[in-house]
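Okay, run.cif now, which holds mmCIF, C-alpha atoms and all ligand atoms:
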```
data_query
#
loop_
_atom_site.group_PDB
_atom_site.id
_atom_site.type_symbol
_atom_site.label_atom_id
_atom_site.label_comp_id
_atom_site.auth_asym_id
_atom_site.auth_seq_id
_atom_site.Cartn_x
_atom_site.Cartn_y
_atom_site.Cartn_z
ATOM 1 C CA MET A 1 5.130 28.269 10.192
ATOM 2 C CA THR A 2 2.619 25.430 10.242
ATOM 3 C CA ARG A 3 2.947 22.936 7.441
ATOM 4 C CA LEU A 4 -0.531 21.852 6.396
ATOM 5 C CA ILE A 5 -1.452 19.515 3.557
ATOM 6 C CA THR A 6 -4.788 17.930 2.709
ATOM 7 C CA VAL A 7 -4.724 14.243 1.858
ATOM 8 C CA GLY A 8 -7.413 11.960 0.427
ATOM 9 C CA GLY A 9 -7.792 8.220 0.764
ATOM 10 C CA ALA A 10 -9.648 6.931 -2.325
ATOM 11 C CA GLN A 11 -11.109 3.576 -1.360
ATOM 12 C CA LEU A 12 -12.289 1.409 -4.247
ATOM 13 C CA GLY A 13 -15.154 -1.034 -4.207
ATOM 14 C CA PRO A 14 -14.677 -4.367 -5.978
ATOM 15 C CA ILE A 15 -13.214 -4.559 -9.490
ATOM 16 C CA ALA A 16 -14.661 -7.376 -11.605
ATOM 17 C CA ARG A 17 -12.267 -9.639 -13.489
ATOM 18 C CA ALA A 18 -13.910 -8.554 -16.762
ATOM 19 C CA GLU A 19 -13.796 -4.810 -15.973
ATOM 20 C CA SER A 20 -11.575 -2.951 -18.445
ATOM 21 C CA ARG A 21 -8.639 -0.754 -17.395
ATOM 22 C CA GLN A 22 -10.442 2.180 -19.029
ATOM 23 C CA ALA A 23 -13.529 1.648 -16.848
ATOM 24 C CA VAL A 24 -11.411 1.382 -13.691
ATOM 25 C CA VAL A 25 -9.443 4.513 -14.594
ATOM 26 C CA ARG A 26 -12.742 6.374 -14.995
ATOM 27 C CA ARG A 27 -13.586 5.394 -11.405
ATOM 28 C CA LEU A 28 -10.165 6.603 -10.243
ATOM 29 C CA ILE A 29 -10.686 9.913 -12.072
ATOM 30 C CA ASP A 30 -14.098 10.372 -10.395
ATOM 31 C CA LEU A 31 -12.445 9.965 -6.997
ATOM 32 C CA LEU A 32 -9.577 12.258 -8.010
ATOM 33 C CA ILE A 33 -12.063 14.973 -9.024
ATOM 34 C CA GLN A 34 -13.848 14.627 -5.669
ATOM 35 C CA ALA A 35 -10.476 14.913 -3.948
ATOM 36 C CA HIS A 36 -9.714 18.073 -5.900
ATOM 37 C CA GLU A 37 -13.120 19.539 -4.990
ATOM 38 C CA ARG A 38 -12.269 18.840 -1.344
ATOM 39 C CA ARG A 39 -8.990 20.704 -1.809
ATOM 40 C CA CYS A 40 -6.674 17.690 -1.528
ATOM 41 C CA ASP A 41 -3.003 18.119 -2.397
ATOM 42 C CA LEU A 42 -2.575 14.391 -2.747
ATOM 43 C CA VAL A 43 -4.815 11.327 -3.077
ATOM 44 C CA VAL A 44 -3.935 7.704 -2.273
ATOM 45 C CA PHE A 45 -5.386 4.769 -4.258
ATOM 46 C CA PRO A 46 -5.286 1.078 -3.183
ATOM 47 C CA GLU A 47 -2.903 -1.800 -3.925
ATOM 48 C CA ILE A 48 -3.355 -3.214 -7.472
ATOM 49 C CA ALA A 49 -5.850 -0.465 -8.197
ATOM 50 C CA LEU A 50 -6.186 -1.043 -11.942
ATOM 51 C CA THR A 51 -7.501 -4.625 -12.032
ATOM 52 C CA THR A 52 -9.170 -7.225 -9.903
ATOM 53 C CA PHE A 53 -6.871 -8.839 -7.304
ATOM 54 C CA PHE A 54 -5.680 -11.497 -9.783
ATOM 55 C CA PRO A 55 -3.417 -13.540 -7.403
ATOM 56 C CA ARG A 56 -6.747 -15.025 -6.306
ATOM 57 C CA TRP A 57 -6.638 -17.357 -9.354
ATOM 58 C CA TRP A 58 -4.221 -20.127 -10.362
ATOM 59 C CA MET A 59 -3.123 -19.332 -13.924
ATOM 60 C CA GLU A 60 -0.523 -21.089 -16.106
ATOM 61 C CA ASP A 61 -0.753 -19.107 -19.332
ATOM 62 C CA GLN A 62 1.944 -16.421 -19.036
ATOM 63 C CA ASP A 63 0.135 -14.142 -21.496
ATOM 64 C CA GLU A 64 -2.977 -14.288 -19.340
ATOM 65 C CA ILE A 65 -0.910 -13.518 -16.219
ATOM 66 C CA ASP A 66 0.887 -10.660 -17.943
ATOM 67 C CA SER A 67 -2.403 -9.113 -19.053
ATOM 68 C CA PHE A 68 -2.796 -7.878 -15.460
ATOM 69 C CA PHE A 69 0.594 -6.074 -15.500
ATOM 70 C CA GLU A 70 1.589 -2.557 -16.642
ATOM 71 C CA ARG A 71 4.651 -2.244 -18.884
ATOM 72 C CA GLU A 72 4.881 1.534 -18.629
ATOM 73 C CA MET A 73 3.504 4.204 -16.351
ATOM 74 C CA PRO A 74 1.685 6.077 -17.595
ATOM 75 C CA GLY A 75 0.533 3.715 -20.332
ATOM 76 C CA SER A 76 -2.317 4.305 -22.748
ATOM 77 C CA ALA A 77 -5.008 3.332 -20.206
ATOM 78 C CA THR A 78 -3.573 5.308 -17.284
ATOM 79 C CA ARG A 79 -2.597 8.474 -19.190
ATOM 80 C CA PRO A 80 -6.062 10.071 -18.683
ATOM 81 C CA LEU A 81 -5.556 9.793 -14.902
ATOM 82 C CA PHE A 82 -2.186 11.567 -15.136
ATOM 83 C CA GLU A 83 -3.673 14.246 -17.424
ATOM 84 C CA GLU A 84 -6.631 14.929 -15.117
ATOM 85 C CA ALA A 85 -4.285 15.107 -12.110
ATOM 86 C CA ILE A 86 -1.997 17.601 -13.900
ATOM 87 C CA ARG A 87 -5.008 19.693 -14.974
ATOM 88 C CA ARG A 88 -6.173 19.874 -11.365
ATOM 89 C CA GLY A 89 -2.723 20.167 -9.790
ATOM 90 C CA ILE A 90 -3.128 17.185 -7.490
ATOM 91 C CA GLY A 91 -0.582 14.476 -6.652
ATOM 92 C CA PHE A 92 -1.390 10.792 -6.227
ATOM 93 C CA CYS A 93 -0.108 7.430 -5.063
ATOM 94 C CA LEU A 94 -1.175 4.447 -7.178
ATOM 95 C CA GLY A 95 -0.717 0.700 -6.654
ATOM 96 C CA PHE A 96 -0.387 -1.561 -9.710
ATOM 97 C CA ALA A 97 1.251 -4.757 -10.999
ATOM 98 C CA GLU A 98 4.527 -3.810 -12.698
ATOM 99 C CA LEU A 99 6.300 -5.737 -15.443
ATOM 100 C CA ALA A 100 9.912 -4.540 -15.629
ATOM 101 C CA ARG A 101 12.964 -5.380 -17.729
ATOM 102 C CA GLU A 102 16.049 -5.506 -15.484
ATOM 103 C CA ASP A 103 19.489 -6.812 -16.454
ATOM 104 C CA GLU A 104 17.942 -8.345 -19.561
ATOM 105 C CA ALA A 105 15.461 -10.295 -17.425
ATOM 106 C CA THR A 106 11.726 -9.810 -17.027
ATOM 107 C CA ARG A 107 10.622 -9.210 -13.451
ATOM 108 C CA ARG A 108 7.186 -8.692 -11.978
ATOM 109 C CA TYR A 109 6.501 -6.587 -8.921
ATOM 110 C CA ASN A 110 3.570 -5.484 -6.804
ATOM 111 C CA SER A 111 4.378 -1.765 -6.996
ATOM 112 C CA ALA A 112 3.230 1.724 -6.094
ATOM 113 C CA ILE A 113 4.263 5.066 -7.532
ATOM 114 C CA LEU A 114 4.113 8.560 -6.123
ATOM 115 C CA VAL A 115 3.235 11.225 -8.698
ATOM 116 C CA ASP A 116 3.660 14.920 -7.931
ATOM 117 C CA LYS A 117 1.314 17.770 -8.841
ATOM 118 C CA ALA A 118 3.061 18.226 -12.196
ATOM 119 C CA GLY A 119 2.446 14.589 -13.163
ATOM 120 C CA LYS A 120 6.061 13.512 -12.582
ATOM 121 C CA VAL A 121 6.711 10.079 -11.066
ATOM 122 C CA VAL A 122 8.870 11.078 -8.098
ATOM 123 C CA GLY A 123 8.976 7.777 -6.237
ATOM 124 C CA LYS A 124 8.467 4.063 -6.692
ATOM 125 C CA TYR A 125 8.086 1.263 -4.163
ATOM 126 C CA ARG A 126 7.997 -2.510 -4.797
ATOM 127 C CA LYS A 127 6.315 -4.707 -2.178
ATOM 128 C CA VAL A 128 8.764 -6.576 0.026
ATOM 129 C CA HIS A 129 6.521 -8.720 2.249
ATOM 130 C CA LEU A 130 4.658 -10.961 -0.227
ATOM 131 C CA PRO A 131 2.065 -13.068 1.597
ATOM 132 C CA GLY A 132 0.391 -16.297 0.530
ATOM 133 C CA HIS A 133 1.873 -19.216 -1.391
ATOM 134 C CA ALA A 134 3.373 -20.216 -4.755
ATOM 135 C CA ASP A 135 1.729 -23.645 -5.095
ATOM 136 C CA HIS A 136 -1.822 -24.438 -6.213
ATOM 137 C CA ARG A 137 -4.175 -25.097 -3.282
ATOM 138 C CA PRO A 138 -7.468 -26.172 -4.859
ATOM 139 C CA GLU A 139 -8.940 -27.060 -1.464
ATOM 140 C CA MET A 140 -9.036 -23.338 -0.562
ATOM 141 C CA PRO A 141 -12.037 -21.161 -1.584
ATOM 142 C CA PHE A 142 -9.600 -18.863 -3.427
ATOM 143 C CA GLN A 143 -5.851 -18.663 -3.954
ATOM 144 C CA HIS A 144 -3.399 -16.040 -2.697
ATOM 145 C CA LEU A 145 -0.554 -16.450 -5.191
ATOM 146 C CA GLU A 146 1.541 -13.342 -4.629
ATOM 147 C CA LYS A 147 4.590 -15.577 -4.105
ATOM 148 C CA ARG A 148 3.990 -17.105 -7.557
ATOM 149 C CA TYR A 149 3.275 -13.977 -9.572
ATOM 150 C CA PHE A 150 5.608 -11.393 -7.976
ATOM 151 C CA ASP A 151 9.300 -10.997 -7.277
ATOM 152 C CA VAL A 152 10.296 -9.605 -3.877
ATOM 153 C CA GLY A 153 10.681 -5.828 -4.102
ATOM 154 C CA ASN A 154 14.233 -4.580 -4.590
ATOM 155 C CA LEU A 155 13.962 -0.854 -3.884
ATOM 156 C CA GLY A 156 13.817 -0.823 -0.066
ATOM 157 C CA PHE A 157 11.666 1.490 2.050
ATOM 158 C CA ASN A 158 12.488 5.012 0.918
ATOM 159 C CA THR A 159 11.235 8.508 1.592
ATOM 160 C CA TRP A 160 10.803 11.414 -0.802
ATOM 161 C CA ARG A 161 10.739 15.109 0.004
ATOM 162 C CA THR A 162 7.854 16.318 -2.153
ATOM 163 C CA MET A 163 4.494 18.107 -1.978
ATOM 164 C CA GLY A 164 5.447 19.833 1.244
ATOM 165 C CA GLY A 165 6.417 16.786 3.318
ATOM 166 C CA VAL A 166 8.558 13.672 3.661
ATOM 167 C CA MET A 167 6.589 10.923 1.939
ATOM 168 C CA GLY A 168 6.913 7.141 2.115
ATOM 169 C CA MET A 169 5.109 4.135 0.633
ATOM 170 C CA CYS A 170 4.526 0.500 1.445
ATOM 171 C CA ILE A 171 1.909 -2.021 0.297
ATOM 172 C CA CYS A 172 -0.667 -4.094 2.144
ATOM 173 C CA ASN A 173 1.076 -6.911 4.067
ATOM 174 C CA ASP A 174 4.061 -4.580 4.658
ATOM 175 C CA ARG A 175 1.819 -2.623 7.047
ATOM 176 C CA ARG A 176 1.874 -5.501 9.529
ATOM 177 C CA TRP A 177 5.681 -5.385 9.954
ATOM 178 C CA PRO A 178 7.239 -2.873 12.358
ATOM 179 C CA GLU A 179 10.426 -2.722 10.244
ATOM 180 C CA THR A 180 8.441 -1.152 7.402
ATOM 181 C CA TYR A 181 7.587 1.952 9.407
ATOM 182 C CA ARG A 182 10.833 2.028 11.378
ATOM 183 C CA VAL A 183 13.044 2.126 8.284
ATOM 184 C CA MET A 184 10.985 5.003 6.890
ATOM 185 C CA GLY A 185 10.866 6.535 10.386
ATOM 186 C CA LEU A 186 14.664 6.543 10.453
ATOM 187 C CA LYS A 187 14.496 8.404 7.123
ATOM 188 C CA GLY A 188 12.231 11.081 8.620
ATOM 189 C CA VAL A 189 8.908 10.009 7.109
ATOM 190 C CA GLU A 190 5.856 12.192 7.764
ATOM 191 C CA VAL A 191 3.204 10.497 5.600
ATOM 192 C CA VAL A 192 3.199 6.740 4.942
ATOM 193 C CA MET A 193 0.871 5.855 2.057
ATOM 194 C CA LEU A 194 -0.341 2.328 1.523
ATOM 195 C CA GLY A 195 -3.062 0.380 -0.225
ATOM 196 C CA TYR A 196 -4.420 -3.031 0.684
ATOM 197 C CA ASN A 197 -6.522 -5.975 -0.576
ATOM 198 C CA THR A 198 -7.287 -7.938 2.581
ATOM 199 C CA PRO A 199 -9.782 -10.826 2.507
ATOM 200 C CA THR A 200 -12.044 -10.980 5.559
ATOM 201 C CA HIS A 201 -11.435 -14.744 5.547
ATOM 202 C CA VAL A 202 -7.771 -15.709 5.232
ATOM 203 C CA PRO A 203 -7.771 -19.448 4.448
ATOM 204 C CA TRP A 204 -4.463 -20.269 6.187
ATOM 205 C CA MET A 205 -5.268 -18.444 9.435
ATOM 206 C CA PRO A 206 -9.068 -18.619 9.943
ATOM 207 C CA ILE A 207 -8.742 -18.243 13.724
ATOM 208 C CA TYR A 208 -7.975 -14.544 13.138
ATOM 209 C CA ASP A 209 -10.876 -13.840 10.768
ATOM 210 C CA HIS A 210 -12.924 -12.080 13.472
ATOM 211 C CA LEU A 211 -9.905 -9.864 14.297
ATOM 212 C CA ASN A 212 -9.234 -8.659 10.763
ATOM 213 C CA ASP A 213 -10.501 -5.098 11.308
ATOM 214 C CA PHE A 214 -8.710 -4.884 14.637
ATOM 215 C CA HIS A 215 -5.360 -6.058 13.218
ATOM 216 C CA ASN A 216 -5.736 -3.730 10.222
ATOM 217 C CA HIS A 217 -6.015 -0.665 12.442
ATOM 218 C CA LEU A 218 -3.726 -1.947 15.203
ATOM 219 C CA CYS A 219 -0.668 -2.156 12.942
ATOM 220 C CA MET A 220 -1.257 1.169 11.188
ATOM 221 C CA GLN A 221 -1.961 3.016 14.444
ATOM 222 C CA ALA A 222 1.106 1.489 16.114
ATOM 223 C CA GLY A 223 3.282 2.246 13.082
ATOM 224 C CA ALA A 224 2.107 5.857 13.055
ATOM 225 C CA TYR A 225 2.553 6.425 16.781
ATOM 226 C CA GLN A 226 5.931 4.691 17.148
ATOM 227 C CA ASN A 227 7.415 6.579 14.197
ATOM 228 C CA ALA A 228 5.711 9.948 14.627
ATOM 229 C CA THR A 229 4.124 9.858 11.193
ATOM 230 C CA TYR A 230 0.728 10.054 9.531
ATOM 231 C CA VAL A 231 -0.445 6.833 7.864
ATOM 232 C CA VAL A 232 -2.969 6.786 5.018
ATOM 233 C CA GLY A 233 -4.228 3.206 4.544
ATOM 234 C CA VAL A 234 -6.617 2.635 1.641
ATOM 235 C CA ALA A 235 -8.603 -0.514 0.866
ATOM 236 C CA LYS A 236 -10.003 -2.233 -2.134
ATOM 237 C CA ALA A 237 -13.171 -3.324 -0.390
ATOM 238 C CA GLY A 238 -16.321 -5.376 -0.783
ATOM 239 C CA ASN A 239 -17.270 -8.592 -2.526
ATOM 240 C CA GLU A 240 -14.792 -9.003 -5.370
ATOM 241 C CA GLU A 241 -15.544 -12.086 -7.469
ATOM 242 C CA GLY A 242 -16.868 -13.953 -4.416
ATOM 243 C CA CYS A 243 -14.019 -12.907 -2.123
ATOM 244 C CA MET A 244 -15.027 -10.463 0.618
ATOM 245 C CA LEU A 245 -12.425 -7.716 1.116
ATOM 246 C CA LEU A 246 -12.022 -5.559 4.202
ATOM 247 C CA GLY A 247 -12.872 -1.842 4.064
ATOM 248 C CA GLY A 248 -12.014 0.468 6.942
ATOM 249 C CA SER A 249 -9.722 2.772 4.957
ATOM 250 C CA THR A 250 -8.165 5.078 7.471
ATOM 251 C CA ILE A 251 -6.040 8.150 8.049
ATOM 252 C CA VAL A 252 -4.019 7.916 11.265
ATOM 253 C CA ALA A 253 -2.322 10.822 13.057
ATOM 254 C CA PRO A 254 1.161 10.670 14.645
ATOM 255 C CA SER A 255 -0.628 10.318 17.985
ATOM 256 C CA GLY A 256 -1.942 6.963 16.760
ATOM 257 C CA GLU A 257 -5.508 8.301 16.605
ATOM 258 C CA ILE A 258 -7.743 7.570 13.616
ATOM 259 C CA ILE A 259 -8.814 10.923 12.158
ATOM 260 C CA ALA A 260 -10.808 9.688 9.144
ATOM 261 C CA MET A 261 -12.345 6.361 8.170
ATOM 262 C CA THR A 262 -14.620 5.076 5.397
ATOM 263 C CA THR A 263 -18.081 3.815 6.263
ATOM 264 C CA THR A 264 -18.909 1.829 3.096
ATOM 265 C CA LEU A 265 -17.415 -1.017 1.069
ATOM 266 C CA GLY A 266 -17.583 0.909 -2.194
ATOM 267 C CA ASP A 267 -15.785 3.748 -3.977
ATOM 268 C CA GLU A 268 -15.478 6.338 -1.210
ATOM 269 C CA LEU A 269 -13.177 9.256 -0.509
ATOM 270 C CA ILE A 270 -11.990 10.233 2.959
ATOM 271 C CA THR A 271 -9.940 13.360 3.576
ATOM 272 C CA ALA A 272 -7.990 14.956 6.387
ATOM 273 C CA ARG A 273 -5.935 18.076 6.873
ATOM 274 C CA LEU A 274 -2.494 17.002 8.076
ATOM 275 C CA ASP A 275 -0.364 19.256 10.236
ATOM 276 C CA LEU A 276 3.094 17.921 9.395
ATOM 277 C CA ASP A 277 4.624 19.873 12.262
ATOM 278 C CA LEU A 278 2.903 17.414 14.594
ATOM 279 C CA CYS A 279 5.352 14.811 13.272
ATOM 280 C CA ALA A 280 8.287 17.026 14.202
ATOM 281 C CA PHE A 281 6.740 17.525 17.640
ATOM 282 C CA SER A 282 6.452 13.763 18.295
ATOM 283 C CA LYS A 283 9.866 13.088 16.739
ATOM 284 C CA ASN A 284 11.365 15.478 19.294
ATOM 285 C CA ALA A 285 9.116 14.904 22.290
ATOM 286 C CA ILE A 286 9.370 11.132 22.539
ATOM 287 C CA PHE A 287 10.586 9.296 19.436
ATOM 288 C CA ASN A 288 13.864 11.137 19.080
ATOM 289 C CA PHE A 289 15.810 8.207 17.655
ATOM 290 C CA ALA A 290 19.233 9.897 17.820
ATOM 291 C CA GLN A 291 18.818 10.737 21.498
ATOM 292 C CA HIS A 292 16.993 7.746 22.919
ATOM 293 C CA ARG A 293 17.232 4.738 20.591
ATOM 294 C CA ARG A 294 19.859 2.305 21.916
ATOM 295 C CA ILE A 295 20.160 -0.453 19.358
ATOM 296 C CA GLU A 296 23.485 -1.653 20.836
ATOM 297 C CA HIS A 297 21.676 -2.484 24.095
ATOM 298 C CA TYR A 298 18.806 -4.440 22.572
ATOM 299 C CA GLY A 299 20.483 -7.875 22.779
ATOM 300 C CA LEU A 300 19.776 -8.389 19.098
ATOM 301 C CA ILE A 301 22.786 -10.662 18.368
ATOM 302 C CA ALA A 302 22.112 -12.862 21.425
ATOM 303 C CA THR A 303 18.420 -13.192 20.497
ATOM 304 C CA GLN A 304 19.241 -14.245 16.942
ATOM 305 C CA THR A 305 21.751 -16.828 18.177
ATOM 306 C CA ALA A 306 19.178 -18.262 20.563
ATOM 307 C CA ALA A 307 16.587 -18.501 17.805
ATOM 308 C CA ILE A 308 19.003 -20.398 15.534
ATOM 309 C CA ALA A 309 20.249 -22.766 18.249
ATOM 310 C CA PRO A 310 17.557 -23.437 20.877
ATOM 311 C CA ASP A 311 18.358 -25.647 23.916
HETATM 312 N N1 LIG A 401 -2.628 -8.274 -0.302
HETATM 313 C C1 LIG A 401 -2.143 -8.643 0.901
HETATM 314 O O1 LIG A 401 -0.970 -8.474 1.182
HETATM 315 N N2 LIG A 401 -3.030 -9.234 1.735
HETATM 316 C C2 LIG A 401 -2.651 -9.760 3.021
HETATM 317 C C3 LIG A 401 -3.565 -10.893 3.438
HETATM 318 C C4 LIG A 401 -3.523 -12.013 2.473
HETATM 319 C C5 LIG A 401 -3.219 -11.388 4.840
HETATM 320 C C6 LIG A 401 -2.653 -8.694 4.097
HETATM 321 O O2 LIG A 401 -1.695 -8.642 4.871
HETATM 322 O O3 LIG A 401 -3.625 -7.947 4.227
#
```

Render the structure in this file as structure tokens.
Amino acid sequence: MTRLITVGGAQLGPIARAESRQAVVRRLIDLLIQAHERRCDLVVFPEIALTTFFPRWWMEDQDEIDSFFEREMPGSATRPLFEEAIRRGIGFCLGFAELAREDEATRRYNSAILVDKAGKVVGKYRKVHLPGHADHRPEMPFQHLEKRYFDVGNLGFNTWRTMGGVMGMCICNDRRWPETYRVMGLKGVEVVMLGYNTPTHVPWMPIYDHLNDFHNHLCMQAGAYQNATYVVGVAKAGNEEGCMLLGGSTIVAPSGEIIAMTTTLGDELITARLDLDLCAFSKNAIFNFAQHRRIEHYGLIATQTAAIAPD
């Protein structure tokens, strides 16, 4: 039996700093309705999809910082999205800034949730690879303060058996790290969902600015191919408060081929029909980890020792 699911990537154009949660949620609902009309089982929204990408600004007032975070999911602003999704029987993956109480401490994460067709939160991921800096760098055209505003994610890279497949999540910078996909690959992932906010000019590595599109697709295509999984990578794109963000939202097949890609820098839905049995084929044909992966022969210990104590 062929296992087919239809997935949507719901790219967002810029979100203004002054735009209300309610207005953003209306945009998400519009995209969700389009996804339903195109028979999607599941739709993926970007990283921090409910507000502007606020780590762009140095802020000291904790109340102001916390105004960008969600304390519950769904909360009053996001409930209409959940309700519309339940009405239409469509699942979704949503990135947002999460304020959590853990061990009597307040923690802040860059998170994503996976919601099934009945509106139940079935999975949560908290971003592990936080890029940027924690100090104020006024000489830069904008800040990238993820290291100041977020704690490192503490949930690992998991997979969930839901909506007909084995689903996994990561967020933005995580997509550049092979470990992200490999850990989920070892857990049998078939669809990796991720959102990103990637400036076209990265102030601390300008020599790569012209390669931004290439690196975006390179890492997702490699991750998909080397772990026999689909990857759905979805941007917040366009000129957001003077910062140009990459588009190029993409659905990648287990072969590493791009099978859908956005063509604008605005709100735009891409869809693809995924044959999840293709993952099983690749997992058996070449990337059969149990049969062929030989971690004990990789020289890992020796390499680490050399890196710590060079000649
Ligand atoms: N939001 C991100 O994680 N952005 C990074 C940029 C800053 C390099 C990214 O990897 O796309």

Could you tell me, counting only C-alpha atoms and all ligand atoms, which protein and nucleic acid residues lie no more than 9 Å from ligand LIG 401 (chain A), written as a compact mmCIF listing (two decimals) with C-alpha atoms, in the coordinates of the input?
```
# COMPACT_ATOMS: atom_id res chain seq x y z
CA GLU A 47 -2.90 -1.80 -3.92
CA ILE A 48 -3.36 -3.21 -7.47
CA PHE A 53 -6.87 -8.84 -7.30
CA PRO A 55 -3.42 -13.54 -7.40
CA LYS A 127 6.32 -4.71 -2.18
CA HIS A 129 6.52 -8.72 2.25
CA LEU A 130 4.66 -10.96 -0.23
CA PRO A 131 2.06 -13.07 1.60
CA GLY A 132 0.39 -16.30 0.53
CA HIS A 144 -3.40 -16.04 -2.70
CA GLU A 146 1.54 -13.34 -4.63
CA ILE A 171 1.91 -2.02 0.30
CA CYS A 172 -0.67 -4.09 2.14
CA ASN A 173 1.08 -6.91 4.07
CA ASP A 174 4.06 -4.58 4.66
CA ARG A 175 1.82 -2.62 7.05
CA ARG A 176 1.87 -5.50 9.53
CA GLY A 195 -3.06 0.38 -0.22
CA TYR A 196 -4.42 -3.03 0.68
CA ASN A 197 -6.52 -5.98 -0.58
CA THR A 198 -7.29 -7.94 2.58
CA PRO A 199 -9.78 -10.83 2.51
CA THR A 200 -12.04 -10.98 5.56
CA HIS A 201 -11.44 -14.74 5.55
CA VAL A 202 -7.77 -15.71 5.23
CA PRO A 203 -7.77 -19.45 4.45
CA MET A 205 -5.27 -18.44 9.44
CA ASN A 212 -9.23 -8.66 10.76
CA ASN A 216 -5.74 -3.73 10.22
CA LEU A 246 -12.02 -5.56 4.20
```

Hey, can you check how far CA of Pro46 in chain A sits from CA of Pro254 in chain A? 21.2 Å

How big is the axis-aligned box around the listed atoms of range 22-41 of chain A once 8 Å is added on each side, and where is its centre? Give both in Å to one decimal, as JSON.
```
{"center_x": -8.6, "center_y": 11.0, "center_z": -10.2, "size_x": 27.1, "size_y": 35.3, "size_z": 33.7}
```

Quick one: of A:Ala23, A:Leu218, A:Leu155, A:Met59, who's nearest to Pro178 in chain A, counting all atoms listed in the file?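 So, comparing all the options, the nearest one is A:Leu218.
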
Which residues match the PyMOL selection byres (((chain A and resi 22) around 10) and not hetatm) in the file above, as a list in words? Glu19, Ser20, Arg21, Ala23, Val24, Val25, Arg26, Arg27, Leu28, Leu50, Ser76, Ala77, Thr78, Pro80 and Leu81 of chain A

As a PyMOL selection string, please: the residues near range 84-101 of chain A (cut-off 9 Å, all atoms listed in the file, same-chain neighbours under 5 positions excluded). chain A and resi 29+32-33+35-36+39-51+66+68-73+79+106-120+126+150+163+169+171+193-195

Calculated over only C-alpha atoms, which of the candidates A:Met261, A:Ala280, A:Ala10, A:Ala16 has the smallest distance to Gly165 in chain A?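 Among the listed residues, the smallest separation from Gly165 in chain A belongs to A:Ala280.
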
Leaving out Ala134 in chain A and any residue of its chain fewer than 4 positions from it, which residues lie within 6 Å of it when counting all atoms listed in the file, given as a list in words?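 Listed by chain and then number, they are Leu145, Lys147 and Arg148 of chain A.
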
Since the input is missing atoms, can you rebuild all heavy atoms for range 105-109 of chain A and write them as a PDB file, in the frame of the given file?
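Below you can see selection-v4.pdb, which holds the result:
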```pdb
ATOM      1  N   ALA A 105      16.437  -9.308 -17.905  1.00  0.00           N
ATOM      2  CA  ALA A 105      15.461 -10.295 -17.425  1.00  0.00           C
ATOM      3  C   ALA A 105      14.128  -9.587 -17.205  1.00  0.00           C
ATOM      4  O   ALA A 105      14.087  -8.391 -16.957  1.00  0.00           O
ATOM      5  CB  ALA A 105      15.953 -10.910 -16.119  1.00  0.00           C
ATOM      6  N   THR A 106      13.045 -10.369 -17.304  1.00  0.00           N
ATOM      7  CA  THR A 106      11.726  -9.810 -17.027  1.00  0.00           C
ATOM      8  C   THR A 106      11.386 -10.080 -15.569  1.00  0.00           C
ATOM      9  O   THR A 106      11.502 -11.221 -15.108  1.00  0.00           O
ATOM     10  CB  THR A 106      10.663 -10.475 -17.928  1.00  0.00           C
ATOM     11  OG1 THR A 106      11.017 -10.190 -19.285  1.00  0.00           O
ATOM     12  CG2 THR A 106       9.279  -9.931 -17.646  1.00  0.00           C
ATOM     13  N   ARG A 107      11.015  -9.038 -14.854  1.00  0.00           N
ATOM     14  CA  ARG A 107      10.622  -9.210 -13.451  1.00  0.00           C
ATOM     15  C   ARG A 107       9.250  -8.604 -13.258  1.00  0.00           C
ATOM     16  O   ARG A 107       8.837  -7.685 -13.971  1.00  0.00           O
ATOM     17  CB  ARG A 107      11.632  -8.550 -12.513  1.00  0.00           C
ATOM     18  CG  ARG A 107      13.027  -9.094 -12.679  1.00  0.00           C
ATOM     19  CD  ARG A 107      13.709  -9.386 -11.351  1.00  0.00           C
ATOM     20  NE  ARG A 107      14.910 -10.194 -11.568  1.00  0.00           N
ATOM     21  CZ  ARG A 107      16.054  -9.726 -12.066  1.00  0.00           C
ATOM     22  NH1 ARG A 107      16.149  -8.455 -12.386  1.00  0.00           N
ATOM     23  NH2 ARG A 107      17.086 -10.515 -12.234  1.00  0.00           N
ATOM     24  N   ARG A 108       8.555  -9.148 -12.247  1.00  0.00           N
ATOM     25  CA  ARG A 108       7.186  -8.692 -11.978  1.00  0.00           C
ATOM     26  C   ARG A 108       7.086  -8.297 -10.513  1.00  0.00           C
ATOM     27  O   ARG A 108       7.461  -9.082  -9.642  1.00  0.00           O
ATOM     28  CB  ARG A 108       6.194  -9.808 -12.323  1.00  0.00           C
ATOM     29  CG  ARG A 108       6.175 -10.121 -13.811  1.00  0.00           C
ATOM     30  CD  ARG A 108       5.396 -11.376 -14.141  1.00  0.00           C
ATOM     31  NE  ARG A 108       5.490 -11.658 -15.594  1.00  0.00           N
ATOM     32  CZ  ARG A 108       6.533 -12.256 -16.181  1.00  0.00           C
ATOM     33  NH1 ARG A 108       7.569 -12.680 -15.460  1.00  0.00           N
ATOM     34  NH2 ARG A 108       6.552 -12.444 -17.499  1.00  0.00           N
ATOM     35  N   TYR A 109       6.582  -7.104 -10.287  1.00  0.00           N
ATOM     36  CA  TYR A 109       6.501  -6.587  -8.921  1.00  0.00           C
ATOM     37  C   TYR A 109       5.090  -6.098  -8.616  1.00  0.00           C
ATOM     38  O   TYR A 109       4.355  -5.666  -9.504  1.00  0.00           O
ATOM     39  CB  TYR A 109       7.473  -5.413  -8.739  1.00  0.00           C
ATOM     40  CG  TYR A 109       8.915  -5.765  -8.969  1.00  0.00           C
ATOM     41  CD1 TYR A 109       9.555  -5.418 -10.162  1.00  0.00           C
ATOM     42  CD2 TYR A 109       9.644  -6.456  -7.994  1.00  0.00           C
ATOM     43  CE1 TYR A 109      10.888  -5.748 -10.380  1.00  0.00           C
ATOM     44  CE2 TYR A 109      10.980  -6.787  -8.217  1.00  0.00           C
ATOM     45  CZ  TYR A 109      11.590  -6.428  -9.407  1.00  0.00           C
ATOM     46  OH  TYR A 109      12.911  -6.759  -9.618  1.00  0.00           O
TER      47      TYR A 109
END
```
